[in-house]
$ cat query28.cif   # mmCIF, C-alpha atoms
data_input
#
loop_
_atom_site.label_atom_id
_atom_site.label_comp_id
_atom_site.auth_asym_id
_atom_site.auth_seq_id
_atom_site.Cartn_x
_atom_site.Cartn_y
_atom_site.Cartn_z
CA MET A 756 28.60 12.58 -8.92
CA GLY A 757 25.13 13.89 -9.72
CA PHE A 758 22.54 15.51 -7.53
CA VAL A 759 23.28 16.01 -3.84
CA SER A 760 20.60 16.78 -1.24
CA ARG A 761 21.99 19.81 0.61
CA GLY A 762 22.52 18.99 4.26
CA PHE A 763 21.45 15.35 4.03
CA ARG A 764 23.73 12.90 5.80
CA GLY A 765 21.45 9.93 6.41
CA ARG A 766 21.20 7.78 9.48
CA ARG A 767 23.38 4.96 8.14
CA ARG A 768 21.60 2.39 10.19
CA ALA A 769 23.37 -0.90 10.59
CA ASP A 770 21.54 -2.74 7.87
CA GLY A 771 22.48 -6.31 8.60
CA PRO A 772 25.22 -8.45 7.11
CA PRO A 773 26.75 -7.21 3.84
CA GLY A 774 25.09 -8.63 0.76
CA ARG A 775 21.74 -9.17 2.46
CA VAL A 776 19.98 -5.89 1.69
CA PRO A 777 19.25 -5.00 -1.96
CA PRO A 778 19.88 -1.46 -3.26
CA GLY A 779 17.42 1.18 -2.08
CA GLN A 780 16.07 -0.97 0.76
CA TYR A 781 16.20 -0.48 4.54
CA VAL A 782 15.80 -3.11 7.23
CA VAL A 783 12.74 -3.23 9.47
CA THR A 784 12.13 -5.37 12.52
CA ASP A 785 8.33 -5.10 12.50
CA PHE A 786 6.21 -6.58 9.72
CA PRO A 787 4.39 -3.84 7.80
CA VAL A 788 1.02 -4.69 6.26
CA LEU A 789 0.33 -3.53 2.71
CA SER A 790 -2.61 -4.53 0.59
CA ALA A 791 -5.05 -2.86 -1.75
CA GLY A 792 -8.40 -3.63 -0.18
CA PRO A 793 -10.22 -5.31 2.67
CA THR A 794 -8.67 -8.42 4.19
CA PRO A 795 -10.78 -11.35 2.94
CA ASP A 796 -12.32 -13.73 5.45
CA VAL A 797 -11.54 -17.26 4.23
CA PRO A 798 -12.98 -20.08 6.37
CA LEU A 799 -10.71 -23.12 6.30
CA ASP A 800 -13.58 -25.45 5.40
CA GLU A 801 -14.15 -23.40 2.23
CA TRP A 802 -10.47 -22.87 1.36
CA ARG A 803 -9.15 -24.51 -1.80
CA PHE A 804 -5.93 -24.33 -3.75
CA THR A 805 -6.17 -25.17 -7.45
CA ILE A 806 -3.61 -25.46 -10.23
CA ALA A 807 -5.35 -24.92 -13.55
CA GLY A 808 -4.81 -23.36 -16.96
CA GLU A 809 -2.57 -25.13 -19.47
CA VAL A 810 -2.86 -28.52 -17.83
CA ASP A 811 -4.68 -31.66 -18.90
CA ASP A 812 -6.31 -32.08 -15.51
CA PRO A 813 -6.53 -29.28 -12.94
CA VAL A 814 -5.44 -30.37 -9.48
CA SER A 815 -7.05 -29.05 -6.34
CA TRP A 816 -6.62 -29.45 -2.59
CA SER A 817 -8.90 -28.79 0.37
CA TRP A 818 -7.25 -27.32 3.47
CA ASP A 819 -6.91 -30.73 5.11
CA GLU A 820 -5.49 -32.27 1.94
CA PHE A 821 -3.06 -29.37 1.54
CA ARG A 822 -1.90 -29.60 5.16
CA ALA A 823 -1.30 -33.32 4.74
CA LEU A 824 1.30 -32.61 2.03
CA PRO A 825 4.99 -32.63 2.95
CA SER A 826 5.96 -29.18 4.22
CA GLU A 827 9.15 -27.36 5.13
CA ARG A 828 10.27 -24.67 7.54
CA VAL A 829 12.39 -22.07 5.75
CA THR A 830 14.19 -18.90 6.84
CA LYS A 831 14.24 -16.19 4.18
CA ASP A 832 14.91 -12.48 3.69
CA ILE A 833 11.96 -10.61 2.17
CA HIS A 834 12.02 -7.34 0.26
CA CYS A 835 9.01 -5.04 -0.29
CA VAL A 836 8.98 -2.63 -3.22
CA THR A 837 8.03 0.13 -0.75
CA LYS A 838 11.67 -0.08 0.41
CA TRP A 839 11.55 -2.21 3.55
CA SER A 840 13.36 -5.51 3.88
CA LYS A 841 12.94 -7.97 6.70
CA LEU A 842 15.72 -10.46 7.37
CA ASP A 843 15.54 -14.04 8.59
CA THR A 844 11.76 -14.42 8.39
CA ASP A 845 10.56 -17.85 9.49
CA TRP A 846 7.91 -19.61 7.40
CA GLU A 847 6.29 -23.00 7.09
CA GLY A 848 4.73 -24.05 3.85
CA VAL A 849 4.43 -26.49 1.02
CA SER A 850 6.98 -26.14 -1.76
CA LEU A 851 5.61 -25.43 -5.21
CA ASP A 852 7.82 -28.33 -6.30
CA VAL A 853 5.48 -30.56 -4.30
CA LEU A 854 2.32 -28.91 -5.60
CA LEU A 855 3.50 -28.99 -9.22
CA ASP A 856 4.91 -32.51 -9.02
CA GLY A 857 3.14 -34.63 -11.61
CA VAL A 858 1.51 -31.61 -13.27
CA ASP A 859 2.19 -32.00 -16.97
CA THR A 860 2.31 -28.63 -18.72
CA ALA A 861 3.99 -26.84 -21.59
CA ALA A 862 3.26 -23.49 -19.90
CA GLU A 863 6.12 -21.08 -19.23
CA TYR A 864 4.21 -18.54 -17.16
CA ALA A 865 2.13 -18.55 -14.02
CA LEU A 866 -0.57 -16.24 -12.68
CA ALA A 867 -1.28 -16.55 -8.96
CA ARG A 868 -4.88 -15.89 -7.98
CA SER A 869 -6.09 -14.83 -4.55
CA TYR A 870 -9.28 -14.56 -2.56
CA GLY A 871 -10.41 -10.95 -3.00
CA GLY A 872 -9.38 -10.89 -6.66
CA TYR A 873 -5.67 -10.07 -6.41
CA THR A 874 -3.40 -11.57 -9.07
CA THR A 875 0.32 -11.51 -9.80
CA ASN A 876 2.34 -13.04 -12.61
CA LEU A 877 5.75 -14.66 -12.78
CA PRO A 878 7.64 -17.10 -14.97
CA LEU A 879 6.85 -20.68 -14.03
CA GLU A 880 10.55 -21.42 -13.50
CA ASP A 881 10.55 -18.89 -10.63
CA LEU A 882 8.15 -21.18 -8.78
CA LEU A 883 10.33 -24.27 -9.20
CA ASP A 884 13.52 -25.74 -7.76
CA GLY A 885 13.09 -24.70 -4.14
CA LYS A 886 12.31 -21.04 -4.84
CA ALA A 887 8.63 -20.79 -3.85
CA TRP A 888 6.16 -22.05 -1.26
CA VAL A 889 2.52 -21.78 -0.30
CA ALA A 890 3.09 -20.69 3.30
CA TYR A 891 0.59 -21.20 6.12
CA ALA A 892 2.65 -20.31 9.20
CA PHE A 893 4.91 -17.41 10.17
CA GLY A 894 7.13 -17.45 13.23
CA GLY A 895 5.69 -20.80 14.24
CA ALA A 896 2.08 -19.58 14.38
CA PRO A 897 -0.75 -19.71 11.83
CA LEU A 898 -0.36 -16.93 9.29
CA GLU A 899 -2.44 -13.91 10.36
CA PRO A 900 -5.17 -12.83 7.89
CA GLU A 901 -3.61 -9.37 7.37
CA HIS A 902 -0.37 -11.06 6.38
CA GLY A 903 -2.16 -13.32 3.90
CA GLY A 904 -3.59 -16.15 5.98
CA PRO A 905 -4.80 -18.84 5.73
CA ALA A 906 -2.03 -19.20 3.15
CA ARG A 907 0.05 -16.97 0.91
CA LEU A 908 2.53 -17.48 -1.83
CA LEU A 909 6.14 -17.02 -0.69
CA VAL A 910 8.58 -16.15 -3.48
CA PRO A 911 11.31 -14.41 -1.51
CA HIS A 912 13.73 -13.82 -4.39
CA LEU A 913 11.26 -11.34 -5.97
CA TYR A 914 9.72 -8.17 -4.50
CA PHE A 915 7.10 -9.19 -2.00
CA TRP A 916 4.03 -8.17 -4.03
CA LYS A 917 4.75 -11.34 -6.03
CA SER A 918 4.15 -13.33 -2.81
CA ALA A 919 0.38 -13.14 -3.21
CA LYS A 920 -1.61 -13.03 0.02
CA TRP A 921 -4.73 -15.21 0.41
CA VAL A 922 -3.61 -17.31 -2.54
CA THR A 923 -6.16 -19.81 -3.85
CA GLY A 924 -4.54 -21.04 -7.01
CA ILE A 925 -2.14 -20.76 -9.87
CA ASP A 926 -3.04 -20.64 -13.53
CA LEU A 927 -0.34 -22.02 -15.81
CA LEU A 928 -0.19 -19.97 -19.00
CA ALA A 929 1.45 -20.27 -22.41
CA ALA A 930 1.71 -16.48 -22.64
CA ASP A 931 2.59 -14.02 -19.89
CA ARG A 932 -0.34 -12.03 -18.50
CA PRO A 933 0.27 -9.08 -16.14
CA GLY A 934 -1.31 -9.27 -12.70
CA PHE A 935 -2.79 -6.57 -10.47
CA TRP A 936 0.15 -4.31 -9.64
CA GLU A 937 1.87 -5.22 -12.90
CA ASN A 938 -1.09 -3.55 -14.62
CA TYR A 939 -0.60 -0.41 -12.49
CA GLY A 940 2.94 0.38 -13.53
CA TYR A 941 4.95 -1.95 -11.33
CA HIS A 942 7.71 -4.05 -12.91
CA ASN A 943 6.66 -7.24 -14.65
CA TYR A 944 9.38 -9.35 -13.00
CA GLY A 945 10.48 -7.51 -9.84
CA ASP A 946 14.04 -8.58 -9.01
CA PRO A 947 15.01 -6.59 -5.89
CA TRP A 948 18.74 -6.97 -6.60
CA LEU A 949 18.23 -5.24 -9.96
CA GLU A 950 15.85 -2.72 -8.33
CA GLN A 951 13.09 -3.62 -10.78
CA ARG A 952 10.43 -1.59 -8.97
CA TYR A 953 8.49 0.00 -11.82
CA ALA A 954 7.91 -0.67 -15.51
CA GLY A 955 11.01 0.38 -17.40
CA ASP A 956 13.47 -0.31 -14.56
CA MET B 1251 11.06 23.39 -3.47
CA ALA B 1252 9.13 26.60 -3.98
CA ALA B 1253 7.61 26.97 -0.51
CA ALA B 1254 6.83 25.15 2.70
CA VAL B 1255 3.68 25.30 4.80
CA ASP B 1256 3.47 24.14 8.41
CA GLU B 1257 0.26 22.14 8.73
CA THR B 1258 0.45 20.88 12.32
CA PRO B 1259 3.32 20.69 14.83
CA GLY B 1260 4.56 17.45 13.24
CA VAL B 1261 3.53 17.92 9.64
CA ARG B 1262 4.81 20.17 6.86
CA SER B 1263 3.70 20.54 3.26
CA LEU B 1264 6.31 21.04 0.55
CA VAL B 1265 5.22 22.96 -2.54
CA LEU B 1266 7.37 21.74 -5.40
CA ASP B 1267 7.96 22.98 -8.93
CA CYS B 1268 8.76 19.99 -11.14
CA PRO B 1269 9.75 20.93 -14.70
CA GLY B 1270 8.49 18.26 -17.08
CA TRP B 1271 6.00 16.82 -14.60
CA PRO B 1272 3.63 14.65 -16.68
CA GLY B 1273 0.59 15.18 -14.47
CA HIS B 1274 -1.02 12.70 -12.10
CA LEU B 1275 -4.29 11.44 -10.67
CA PRO B 1276 -5.45 12.28 -7.14
CA GLY B 1277 -4.32 9.46 -4.86
CA GLN B 1278 -1.03 8.74 -6.60
CA HIS B 1279 2.33 9.02 -4.87
CA VAL B 1280 5.96 9.76 -5.62
CA ASP B 1281 9.24 8.24 -4.56
CA VAL B 1282 11.60 10.80 -3.03
CA ARG B 1283 15.32 10.03 -3.13
CA LEU B 1284 17.87 11.85 -0.98
CA THR B 1285 21.58 11.68 -1.78
CA ALA B 1286 24.37 12.57 0.66
CA GLU B 1287 27.66 14.07 -0.51
CA ASP B 1288 29.37 10.68 -0.39
CA GLY B 1289 26.70 9.12 -2.58
CA TYR B 1290 24.69 7.44 0.20
CA GLN B 1291 21.01 7.38 -0.75
CA ALA B 1292 17.68 6.85 0.97
CA GLN B 1293 14.27 6.61 -0.69
CA ARG B 1294 10.70 6.77 0.60
CA SER B 1295 7.22 7.11 -0.91
CA TYR B 1296 4.93 10.08 -0.22
CA SER B 1297 1.38 10.75 -1.37
CA ILE B 1298 0.70 13.82 -3.48
CA ALA B 1299 -1.66 16.20 -1.67
CA THR B 1300 -2.83 18.21 -4.67
CA PRO B 1301 -4.52 17.45 -7.99
CA ALA B 1302 -2.61 17.95 -11.23
CA ASP B 1303 -1.71 21.63 -11.69
CA GLY B 1304 0.92 22.05 -14.36
CA THR B 1305 4.41 21.62 -12.93
CA ARG B 1306 3.34 22.31 -9.34
CA LEU B 1307 2.59 19.67 -6.76
CA THR B 1308 2.48 19.48 -2.99
CA LEU B 1309 3.71 16.70 -0.74
CA THR B 1310 2.65 16.63 2.90
CA ILE B 1311 5.25 15.08 5.17
CA GLU B 1312 4.66 13.72 8.66
CA ARG B 1313 7.87 13.79 10.66
CA ILE B 1314 8.63 10.25 11.87
CA ALA B 1315 10.71 10.69 15.03
CA ASP B 1316 13.25 7.97 14.25
CA GLY B 1317 12.86 8.30 10.49
CA GLU B 1318 15.65 8.87 8.03
CA VAL B 1319 13.95 10.83 5.25
CA SER B 1320 10.95 12.58 6.83
CA PRO B 1321 12.96 14.64 9.37
CA TYR B 1322 15.09 15.99 6.52
CA LEU B 1323 12.02 16.90 4.46
CA ALA B 1324 10.10 18.31 7.41
CA ASP B 1325 12.94 20.23 9.08
CA GLU B 1326 15.90 20.73 6.77
CA LEU B 1327 14.67 21.32 3.24
CA ARG B 1328 14.44 25.05 2.38
CA PRO B 1329 12.83 26.94 -0.48
CA GLY B 1330 15.21 26.82 -3.42
CA ASP B 1331 16.62 23.42 -2.50
CA GLY B 1332 16.39 20.64 -5.08
CA LEU B 1333 14.72 17.31 -4.53
CA GLU B 1334 14.82 14.16 -6.65
CA LEU B 1335 11.50 12.50 -7.11
CA ARG B 1336 10.01 9.85 -9.34
CA GLY B 1337 6.40 9.44 -10.27
CA PRO B 1338 3.55 9.50 -10.43
CA ILE B 1339 3.27 5.97 -9.01
CA GLY B 1340 0.19 3.85 -8.40
CA GLY B 1341 -3.00 3.56 -10.39
CA TRP B 1342 -5.36 1.73 -8.05
CA PHE B 1343 -5.95 4.09 -5.15
CA VAL B 1344 -7.03 6.98 -7.40
CA TRP B 1345 -10.14 9.02 -8.01
CA GLU B 1346 -10.96 11.90 -10.31
CA PRO B 1347 -14.24 13.78 -10.69
CA ALA B 1348 -15.02 12.06 -14.02
CA LEU B 1349 -15.41 8.78 -12.11
CA GLY B 1350 -18.36 10.20 -10.19
CA GLY B 1351 -19.57 9.33 -6.74
CA PRO B 1352 -20.73 9.21 -4.11
CA LEU B 1353 -17.30 9.37 -2.57
CA GLN B 1354 -16.65 7.73 0.79
CA LEU B 1355 -13.32 8.73 2.30
CA VAL B 1356 -11.96 7.36 5.56
CA GLY B 1357 -8.60 8.50 6.83
CA GLY B 1358 -6.37 8.38 9.85
CA GLY B 1359 -3.59 10.85 10.62
CA SER B 1360 -1.50 11.60 7.54
CA GLY B 1361 -3.64 9.08 5.67
CA VAL B 1362 -5.72 12.13 4.82
CA VAL B 1363 -3.09 13.27 2.30
CA PRO B 1364 -4.18 11.28 -0.79
CA LEU B 1365 -7.83 11.80 0.21
CA MET B 1366 -7.19 15.54 0.27
CA ALA B 1367 -5.90 15.38 -3.30
CA MET B 1368 -9.27 13.85 -4.23
CA LEU B 1369 -11.27 16.49 -2.34
CA ARG B 1370 -9.20 19.31 -3.82
CA ALA B 1371 -9.76 17.86 -7.31
CA ARG B 1372 -13.48 17.70 -6.60
CA ALA B 1373 -13.50 21.33 -5.45
CA ALA B 1374 -11.31 22.53 -8.33
CA ALA B 1375 -13.67 20.92 -10.83
CA GLY B 1376 -16.63 22.65 -9.19
CA ALA B 1377 -18.08 19.18 -8.93
CA ASP B 1378 -21.19 18.66 -6.81
CA ILE B 1379 -20.41 14.97 -6.44
CA PRO B 1380 -21.67 13.95 -2.98
CA ALA B 1381 -18.75 13.14 -0.71
CA ARG B 1382 -18.19 12.19 2.90
CA LEU B 1383 -14.95 12.22 4.83
CA LEU B 1384 -14.47 10.55 8.20
CA LEU B 1385 -11.08 11.55 9.55
CA SER B 1386 -9.41 10.28 12.69
CA ALA B 1387 -6.67 12.18 14.52
CA ARG B 1388 -5.28 12.11 18.02
CA SER B 1389 -6.31 15.68 18.81
CA TRP B 1390 -7.83 18.76 17.20
CA ASP B 1391 -4.40 20.35 16.78
CA GLU B 1392 -3.17 17.29 14.90
CA VAL B 1393 -5.88 17.40 12.21
CA ILE B 1394 -3.99 18.06 8.98
CA TYR B 1395 -5.70 20.59 6.63
CA ARG B 1396 -8.22 21.33 9.39
CA ASP B 1397 -9.22 24.84 8.29
CA GLU B 1398 -9.42 23.89 4.63
CA LEU B 1399 -11.53 20.82 5.44
CA GLU B 1400 -13.94 22.93 7.48
CA ARG B 1401 -14.15 25.41 4.62
CA LEU B 1402 -14.70 22.70 2.01
CA GLY B 1403 -17.25 21.04 4.27
CA ALA B 1404 -19.22 24.28 4.51
CA GLY B 1405 -19.44 24.50 0.72
CA GLY B 1406 -22.16 21.88 0.29
CA GLY B 1407 -22.07 18.36 -0.99
CA LEU B 1408 -19.19 17.37 1.28
CA GLU B 1409 -19.77 16.19 4.84
CA VAL B 1410 -16.70 16.09 7.07
CA ARG B 1411 -16.73 14.25 10.40
CA PHE B 1412 -13.87 13.99 12.84
CA ALA B 1413 -12.94 11.32 15.36
CA LEU B 1414 -10.47 12.60 17.99
CA THR B 1415 -9.01 9.61 19.74
CA ARG B 1416 -6.85 11.05 22.54
CA ALA B 1417 -7.91 14.58 23.41
CA GLN B 1418 -10.96 16.64 22.56
CA PRO B 1419 -11.43 20.40 22.86
CA PRO B 1420 -14.03 21.70 25.39
CA GLY B 1421 -17.55 21.28 24.09
CA TRP B 1422 -16.50 18.73 21.44
CA THR B 1423 -19.54 17.17 19.80
CA GLY B 1424 -17.75 14.91 17.31
CA TYR B 1425 -16.56 11.39 17.89
CA ALA B 1426 -14.06 10.76 20.69
CA ARG B 1427 -12.91 7.23 19.87
CA ARG B 1428 -11.21 5.25 17.16
CA ILE B 1429 -13.10 4.59 13.95
CA ASP B 1430 -15.25 1.49 14.36
CA HIS B 1431 -18.14 -0.44 12.88
CA ASP B 1432 -20.87 1.57 14.62
CA MET B 1433 -19.33 4.88 13.61
CA LEU B 1434 -19.17 3.87 9.95
CA GLY B 1435 -22.73 2.60 10.23
CA GLU B 1436 -23.74 6.13 11.22
CA VAL B 1437 -21.69 8.20 8.80
CA ALA B 1438 -20.95 6.06 5.74
CA TRP B 1439 -23.08 5.96 2.61
CA SER B 1440 -25.31 2.93 2.49
CA PRO B 1441 -24.25 0.13 0.13
CA GLU B 1442 -27.33 0.83 -2.02
CA GLU B 1443 -25.87 4.23 -2.90
CA MET B 1444 -22.85 2.39 -4.32
CA PRO B 1445 -20.15 4.73 -3.07
CA ARG B 1446 -16.54 4.52 -4.10
CA SER B 1447 -14.68 4.01 -0.85
CA PHE B 1448 -11.08 4.97 -0.17
CA VAL B 1449 -9.49 4.17 3.19
CA CYS B 1450 -5.99 5.36 4.07
CA GLY B 1451 -4.13 5.33 7.34
CA PRO B 1452 -2.21 3.13 9.72
CA THR B 1453 -2.79 -0.60 9.41
CA GLY B 1454 -5.03 -0.93 12.47
CA LEU B 1455 -7.39 1.78 11.25
CA VAL B 1456 -7.47 0.44 7.70
CA GLU B 1457 -8.13 -3.12 8.87
CA ALA B 1458 -10.96 -1.95 11.14
CA ALA B 1459 -12.55 0.41 8.64
CA THR B 1460 -12.37 -1.86 5.59
CA ARG B 1461 -13.69 -4.79 7.61
CA ALA B 1462 -16.56 -2.67 8.93
CA LEU B 1463 -17.48 -1.43 5.45
CA VAL B 1464 -17.63 -5.01 4.17
CA GLU B 1465 -19.68 -6.07 7.20
CA LEU B 1466 -22.05 -3.16 6.51
CA GLY B 1467 -22.68 -4.63 3.08
CA HIS B 1468 -20.26 -2.84 0.80
CA ASP B 1469 -18.81 -4.87 -2.08
CA PRO B 1470 -15.14 -5.48 -1.18
CA ALA B 1471 -14.22 -4.63 -4.77
CA THR B 1472 -15.45 -1.03 -4.19
CA VAL B 1473 -13.35 -0.53 -1.05
CA LYS B 1474 -9.84 0.57 -1.92
CA ALA B 1475 -7.22 0.74 0.77
CA GLU B 1476 -3.79 2.18 1.25
CA ARG B 1477 -1.93 1.24 4.40
CA PHE B 1478 1.23 2.58 5.92
CA GLY B 1479 3.84 2.30 8.01
CA PRO B 1480 5.75 5.21 6.68
CA THR B 1481 5.23 4.06 3.10
CA GLY B 1482 2.50 3.27 0.62
CA GLY B 1483 2.02 0.89 -2.27
CA PRO B 1484 1.98 -2.84 -2.68
CA GLY B 1485 3.79 -5.46 -0.65
#
$ encode --input "query28.cif" --output "C-alpha cells"
Amino acid sequence: MGFVSRGFRGRRRADGPPGRVPPGQYVVTDFPVLSAGPTPDVPLDEWRFTIAGEVDDPVSWSWDEFRALPSERVTKDIHCVTKWSKLDTDWEGVSLDVLLDGVDTAAEYALARSYGGYTTNLPLEDLLDGKAWVAYAFGGAPLEPEHGGPARLLVPHLYFWKSAKWVTGIDLLAADRPGFWENYGYHNYGDPWLEQRYAGD
Amino acid sequence: MAAAVDETPGVRSLVLDCPGWPGHLPGQHVDVRLTAEDGYQAQRSYSIATPADGTRLTLTIERIADGEVSPYLADELRPGDGLELRGPIGGWFVWEPALGGPLQLVGGGSGVVPLMAMLRARAAAGADIPARLLLSARSWDEVIYRDELERLGAGGGLEVRFALTRAQPPGWTGYARRIDHDMLGEVAWSPEEMPRSFVCGPTGLVEAATRALVELGHDPATVKAERFGPTGGPG
C-alpha cells in the first residue's frame, strides 16, 4: 500500500449498482454544465448537420430533415473526466448508424465539429454499431442550450467531452487529428473504464 | 503542506511544497487524490491560486458542506501532512503577462481562484497591463483575497469592482445584485479594446456573464470560461 492521507476516511456514498461507476468517479444527481466558452445561440432555421471529409459527396441535413430521420430513445450512464458520473440519463436522438448509412468512406477517424469552434476526435468505429447518437432531447424535453442544444453528440462509452455540444458536423479523416481538449493535454481516446483522463494515461 | 491560511469562514488556502513540480501557467488546475487506510480513494480538481514559483504552489479550497474531499482539505489537513496531486492540467483557461492585455476578469465566489493566479502573475512581473476584475460574492466577508485585491487595485492599472448579492456593509457603494448585462456594460472593456476575457464561477454566473459579453459585442472566441460545480475542466 502506498500513500495514505492521514485522517481521511471518505464518505463512501452509495454509488449505484456495482459495475456502473468507473474508477475515480462519483455519482451525481444534478447535471453539471462544463464548457470552455459562451453558449452559442443556434437558431433552428440556420442549424445544419454535415458529414464531410473523406467522402465522395458530403451529406447535410437541415433541422427539419434531421428531425424527420428515424430516432431512438436511449438510457445511458455518462461519465465526465472531472469525476462525476450520472446514471440512467434519458436521451432522444438519431443514431450515427442512420446518419452514416450510405456514406462511402475509407476513413478510420472522425472529428466532430461544433458551433462555437469546439472539436473532438475519435475513431470512426466508436461512432458505429449503436454506440453514438446526435441527441436533441434530454429527459423528454428539448436539449437545453447549456447542455448542448439544439443537438449534441452522445458517445456515452467515452468520457463526456467526446460528446460534443452544439455539434454541427463530422469530418471523416484518413489520419487522426486531435480536437480541442485533446490538444490541451487530455487523453486522445478517453475510455473511462481505463481512466484515460490525460495524455499518457 | 507547508502552511494553511484562512481566507474567509468557508475558505482555506493550502500552501504546498511539491518537489519536482514542473511549473504551470496561471489558470491551470491540479487533481488532488485522497487515499484512506483501506485503499479507498477520492479525487477532485482544484485551481492553482498562485503563479509558478519554484516548488511552491497554493490551492484555495472552498468547503462544500456535503462534499467528500473539500472538508478534509479545509478542516483536517495540517502542516506537514502529505497530499497527492497531479498536474498542471488544462491549457485553455490560462493567461500569462507575455500574452498582454487588456485583461477582463469576471468571477463568482471561489471562481476568483484561477483569476487570482493571473493577477498575482501580473503583479509579480511588474506588468502594467491594464486589467479589470468584476467579482461577485454573497457578502463582504465572503470575498476571497479581499485585502490583497484592494491592495492590488490601489497599485494602478487594475480596477477591481465588487458585486455583493446577499448582504452589503453600511454605506456600500458597489453593486448589490448578481452580475448582469448592464453591469458588464458599465465595467467591462469595450470590444474595440480587444480584451482577453476570463469568466469563472458557478454555471448561472458564467452563462449570464459570457452571454452578456457576447451581446455587448465581444468575439466569443476571446471569452474563455470555466464553470463549476465543485470541479473544473471539460465535460
$ resolve_selection --input "query28.cif" --expression "the PyMOL selection byres ((chain B) within 7 of (chain A))" --output "ChimeraX atom specification"
/B:1284-1287,1292-1294,1318,1322,1332-1333,1340-1342,1453,1457,1460-1461,1470,1473-1479,1481-1485
$ residues_around --input "query28.cif" --residues "Pro1259 (chain B)" --least-positions-apart "2" --cutoff "8 Å" --atoms "only C-alpha atoms" --output "number ranges by chain"
B: 1256-1257, 1261, 1391-1392
$ resolve_selection --input "query28.cif" --expression "the PyMOL selection byres ((chain B and resi 1405) around 12)" --output "PyMOL selection string"
chain B and resi 1369+1372-1373+1376-1381+1398-1404+1406-1410
$ residues_around --input "query28.cif" --residues "region 845-853 of chain A" --least-positions-apart "3" --cutoff "7 Å" --atoms "all atoms listed in the file" --output "PyMOL selection string"
chain A and resi 824-831+856+882-885+887-894
$ residues_around --input "query28.cif" --residues "region 1267-1283 of chain B" --least-positions-apart "3" --cutoff "6 Å" --atoms "all atoms listed in the file" --output "tab-separated table (two decimals) with C-alpha atoms, in the frame of the given file"
chain	number	residue	atom	x	y	z
B	1292	ALA	CA	17.68	6.85	0.97
B	1293	GLN	CA	14.27	6.61	-0.69
B	1294	ARG	CA	10.70	6.77	0.60
B	1295	SER	CA	7.22	7.11	-0.91
B	1296	TYR	CA	4.93	10.08	-0.22
B	1297	SER	CA	1.38	10.75	-1.37
B	1298	ILE	CA	0.70	13.82	-3.48
B	1301	PRO	CA	-4.52	17.45	-7.99
B	1302	ALA	CA	-2.61	17.95	-11.23
B	1305	THR	CA	4.41	21.62	-12.93
B	1306	ARG	CA	3.34	22.31	-9.34
B	1334	GLU	CA	14.82	14.16	-6.65
B	1335	LEU	CA	11.50	12.50	-7.11
B	1336	ARG	CA	10.01	9.85	-9.34
B	1337	GLY	CA	6.40	9.44	-10.27
B	1338	PRO	CA	3.55	9.50	-10.43
B	1339	ILE	CA	3.27	5.97	-9.01
B	1340	GLY	CA	0.19	3.85	-8.40
B	1343	PHE	CA	-5.95	4.09	-5.15
B	1344	VAL	CA	-7.03	6.98	-7.40
B	1345	TRP	CA	-10.14	9.02	-8.01
B	1364	PRO	CA	-4.18	11.28	-0.79
B	1367	ALA	CA	-5.90	15.38	-3.30
B	1368	MET	CA	-9.27	13.85	-4.23
$ closest_residue --input "query28.cif" --among "B:Tyr1290, B:Phe1412, B:Tyr1395, B:Tyr1425" --to "Leu1365 (chain B)" --atoms "only C-alpha atoms"
B:Tyr1395
$ atom_distance --input "query28.cif" --atom1 "CA of Gly1351 (chain B)" --atom2 "CA of Arg1370 (chain B)"
14.7 Å
$ axis_aligned_box --input "query28.cif" --around "region 1346-1365 of chain B" --padding-each-side "5 Å" --output "lines of an AutoDock Vina configuration file"
center_x = -11.1
center_y = 10.6
center_z = -1.7
size_x = 29.2
size_y = 16.4
size_z = 34.6
$ resolve_selection --input "query28.cif" --expression "the PyMOL selection byres ((chain B and resi 1354) around 7)" --output "list in words"
Pro1352, Leu1353, Leu1355, Val1356, Ala1381, Arg1382, Leu1383, Ala1438, Trp1439, Pro1445, Arg1446, Ser1447 and Phe1448 of chain B
$ write_last_selection --input "query28.cif" --atoms "C-alpha atoms" --output "PDB file, keeping the file's coordinate frame"
ATOM      1  CA  PRO B1352     -20.730   9.210  -4.110  1.00  0.00           C
ATOM      2  CA  LEU B1353     -17.300   9.370  -2.570  1.00  0.00           C
ATOM      3  CA  LEU B1355     -13.320   8.730   2.300  1.00  0.00           C
ATOM      4  CA  VAL B1356     -11.960   7.360   5.560  1.00  0.00           C
ATOM      5  CA  ALA B1381     -18.750  13.140  -0.710  1.00  0.00           C
ATOM      6  CA  ARG B1382     -18.190  12.190   2.900  1.00  0.00           C
ATOM      7  CA  LEU B1383     -14.950  12.220   4.830  1.00  0.00           C
ATOM      8  CA  ALA B1438     -20.950   6.060   5.740  1.00  0.00           C
ATOM      9  CA  TRP B1439     -23.080   5.960   2.610  1.00  0.00           C
ATOM     10  CA  PRO B1445     -20.150   4.730  -3.070  1.00  0.00           C
ATOM     11  CA  ARG B1446     -16.540   4.520  -4.100  1.00  0.00           C
ATOM     12  CA  SER B1447     -14.680   4.010  -0.850  1.00  0.00           C
ATOM     13  CA  PHE B1448     -11.080   4.970  -0.170  1.00  0.00           C
TER      14      PHE B1448
END
$ residues_around --input "query28.cif" --residues "Thr1258 (chain B)" --least-positions-apart "2" --cutoff "12 Å" --atoms "only C-alpha atoms" --output "PyMOL selection string"
chain B and resi 1255-1256+1260-1263+1310-1313+1324+1359-1360+1387-1397
$ atom_distance --input "query28.cif" --atom1 "CA of Asp1331 (chain B)" --atom2 "CA of Asp1303 (chain B)"
20.6 Å
$ atom_distance --input "query28.cif" --atom1 "CA of Thr1308 (chain B)" --atom2 "CA of Met1366 (chain B)"
10.9 Å
$ closest_residue --input "query28.cif" --among "B:Leu1455, B:Arg1328, B:Pro1420, B:Ala1371" --to "Gly1357 (chain B)" --atoms "all atoms listed in the file"
B:Leu1455
$ residues_around --input "query28.cif" --residues "region 923-930 of chain A" --least-positions-apart "5" --cutoff "12 Å" --atoms "all atoms listed in the file" --output "ChimeraX atom specification"
/A:795,797,799,801-818,821,851,854-855,858-880,882,889-890,903-908
$ closest_residue --input "query28.cif" --among "B:Leu1463, B:Met1444, B:Leu1384, B:Ala1299" --to "Arg1428 (chain B)" --atoms "all atoms listed in the file"
B:Leu1384
$ closest_residue --input "query28.cif" --among "A:Glu950, A:Asp956, A:Trp921, A:Gly945" --to "Glu899 (chain A)" --atoms "only C-alpha atoms"
A:Trp921
$ decode --input "query28.cif" --residues "region 1315-1319 of chain B" --atoms "C-alpha atoms" --output "tab-separated table (two decimals), in the first residue's frame"
chain	number	residue	atom	x	y	z
B	1315	ALA	CA	-20.90	21.23	3.09
B	1316	ASP	CA	-21.78	17.77	1.80
B	1317	GLY	CA	-18.51	17.32	-0.07
B	1318	GLU	CA	-16.15	14.42	0.31
B	1319	VAL	CA	-12.75	15.99	-0.42
